[in-house]
Amino acid sequence: MDQSLNNPASNQLPTGVSDSLLISADNASSRLQRLVDELKRKECIRTPGVEAAFRAVPRHLFVPGVSLDDVYADKAIPTKRGPDGGFISSSSQPGIMAIMLEQLALAPGHRVLEVGAGTGYNAALMAHIVGQTGQVVTVDIEDDLVAAARAHLAAAGFEQVRVVCGDGGLGYPDDAPYDRIILTVGASDITPGWREQLRSGGRLLLPLSIKGPQMCVAFERADGHLESVSIEECGFMMLRGAFAGASRRVRLGEITIGIVDPSVVDTVAVTGWLMAPHRDRPTGIRVKASDASLSHWLAVREPGYCSVIAEGEAAERAMLPALWRRSYRWSAGTVRMAGTSGVLGDHGLCLFMRPPDAPSEADAGADVWGQPFELFLRTFGPDDALADRTIDHIRAWDAAGRPSKEGLRIRAYPKEAGYRPAGGEVVVDKRWSRLVLDWPRGG
């Protein structure tokens, strides 16, 4: 149940920081402190070092032109679109930034590499934690984003952060090795550069796409492989450049389908299914929209697992069932999105939904986000076999105890290591790695 920003169409936010001077320092500071208090209540912030960084670094200096109401809300702020109209950069939601910094376990004196500079805000938070004896290097593939991040960091008093324009898949060997490497973009694999540039005893943190859905995984070295020490749910824009892999999205007007293999999407057939009458079916299983474990369960068993996001008028007209709805404000206006996930087959599409008679669909961040409901499937296309199979998967997930991230272990072996999986392990082969998932602690 992917929550990441996805597609629309316009241009990027203005760079520069001059308009931030118009903002009342007292007003911005009070809003910042309220946001930090909220992140502590949500337990996104748990340690003094992360709290001190969030209280000290003003976010509005990194997103000039955005209202304080939006800057100091716990939500992402889109900042740039690519040639196809999809978002390619944002200031991430403060809540997930705090969770990731807690996972990263930074300390004064650490040397840190960040892949995905964005606005520079996360680099400033890390620079505050590692202090004058540490070093933060942040890399972005877009030269205009690099220039803007440098300007934002200078305005906030963090000129010591090194901002580099380059392909983050290569890391940055000039300053290696690093005590910590963090990605603020999604990745489908662990590149050789990140493995090689991580110091012995160091920690690599990245939003890892196992088979579609992402998990934010903190890895440490363990006997010839990397092993997870912390796993959280997340949703990020994907890495770009030479290490990005093939595009995983197909656009049908204002509807975007995210899928591991876009070649299986027959756009003519899917468009026709969406325009034809649908059927709604109960699964008999109660879930929460905030629980992503079902998505991971389905993704490793169904190659057609997909996320579907409607935007603009398509979202407002409720053309698709929605597990979540969000509005994002940026310099070009307000973008409204609604999303869900499901399974695409040769003869149909079935999508998760709330009960047809539910009073309202979930707004992300609203009270209903964490409330249980009976999961329904909306089926499009002529064949019900896909829905039958998907319901069987959902019931099997429930019968297995709903395996979650809490008991999950992920090991990443170099492809050449030739690791042979044991019984009960789920194996996902990537270009450079063999990922092995199991639940030794239950979950």
# chains A, B, ... in the order shown; residues from 1 in each chain; ligands from 1
>>> residues_around(residues="Leu386 (chain A)", least_positions_apart="6", cutoff="12 Å", atoms="only C-alpha atoms", output="PyMOL selection string")
chain A and resi 302+304-305+342-351+377-380+392-393
>>> residues_around(residues="Leu183 (chain A)", least_positions_apart="4", cutoff="9 Å", atoms="only C-alpha atoms", output="PyMOL selection string")
chain A and resi 113-116+168+187+204-207+239
>>> select_by_dssp(residues="region 189-349 of chain A", states="strand (DSSP E or B)", output="number ranges by chain")
A: 198-209, 214-222, 225-233, 238, 249-252, 255-259, 279-287, 305-311, 324-330, 333-345, 348-349
>>> residues_around(residues="region 416-426 of chain A", least_positions_apart="5", cutoff="12 Å", atoms="only C-alpha atoms", output="ChimeraX atom specification")
/A:192,210-211,223-225,296-297,299-301,408-411,431-440
>>> residues_around(residues="Val163 (chain A)", least_positions_apart="2", cutoff="9 Å", atoms="only C-alpha atoms", output="PyMOL selection string")
chain A and resi 117+120+136-140+146-147+149-150+161+165
>>> select_by_dssp(residues="region 34-242 of chain A", states="alpha helix (DSSP H)", output="count of residues only")
61
>>> residues_around(residues="Gly134 (chain A)", least_positions_apart="2", cutoff="10 Å", atoms="only C-alpha atoms", output="NGL selection string")
:A and (107-112 or 126-132 or 136 or 160-161 or 179)
>>> closest_residue(among="A:Asn27, A:Thr119, A:Thr133, A:Ser295", to="Ser67 (chain A)", atoms="only C-alpha atoms")
A:Asn27
>>> residues_around(residues="Ala400 (chain A)", least_positions_apart="4", cutoff="12 Å", atoms="only C-alpha atoms", output="ChimeraX atom specification")
/A:293-294,297,393-396,404,439,442-443
>>> closest_residue(among="A:Thr256, A:Met97, A:Pro173, A:Val268", to="Gly85 (chain A)", atoms="only C-alpha atoms")
A:Thr256
>>> closest_residue(among="A:Val335, A:Leu39, A:Met353, A:Leu145", to="Leu323 (chain A)", atoms="only C-alpha atoms")
A:Met353
>>> closest_residue(among="A:Asp398, A:Asp280, A:Glu51, A:Asp384", to="Leu298 (chain A)", atoms="only C-alpha atoms")
A:Asp398
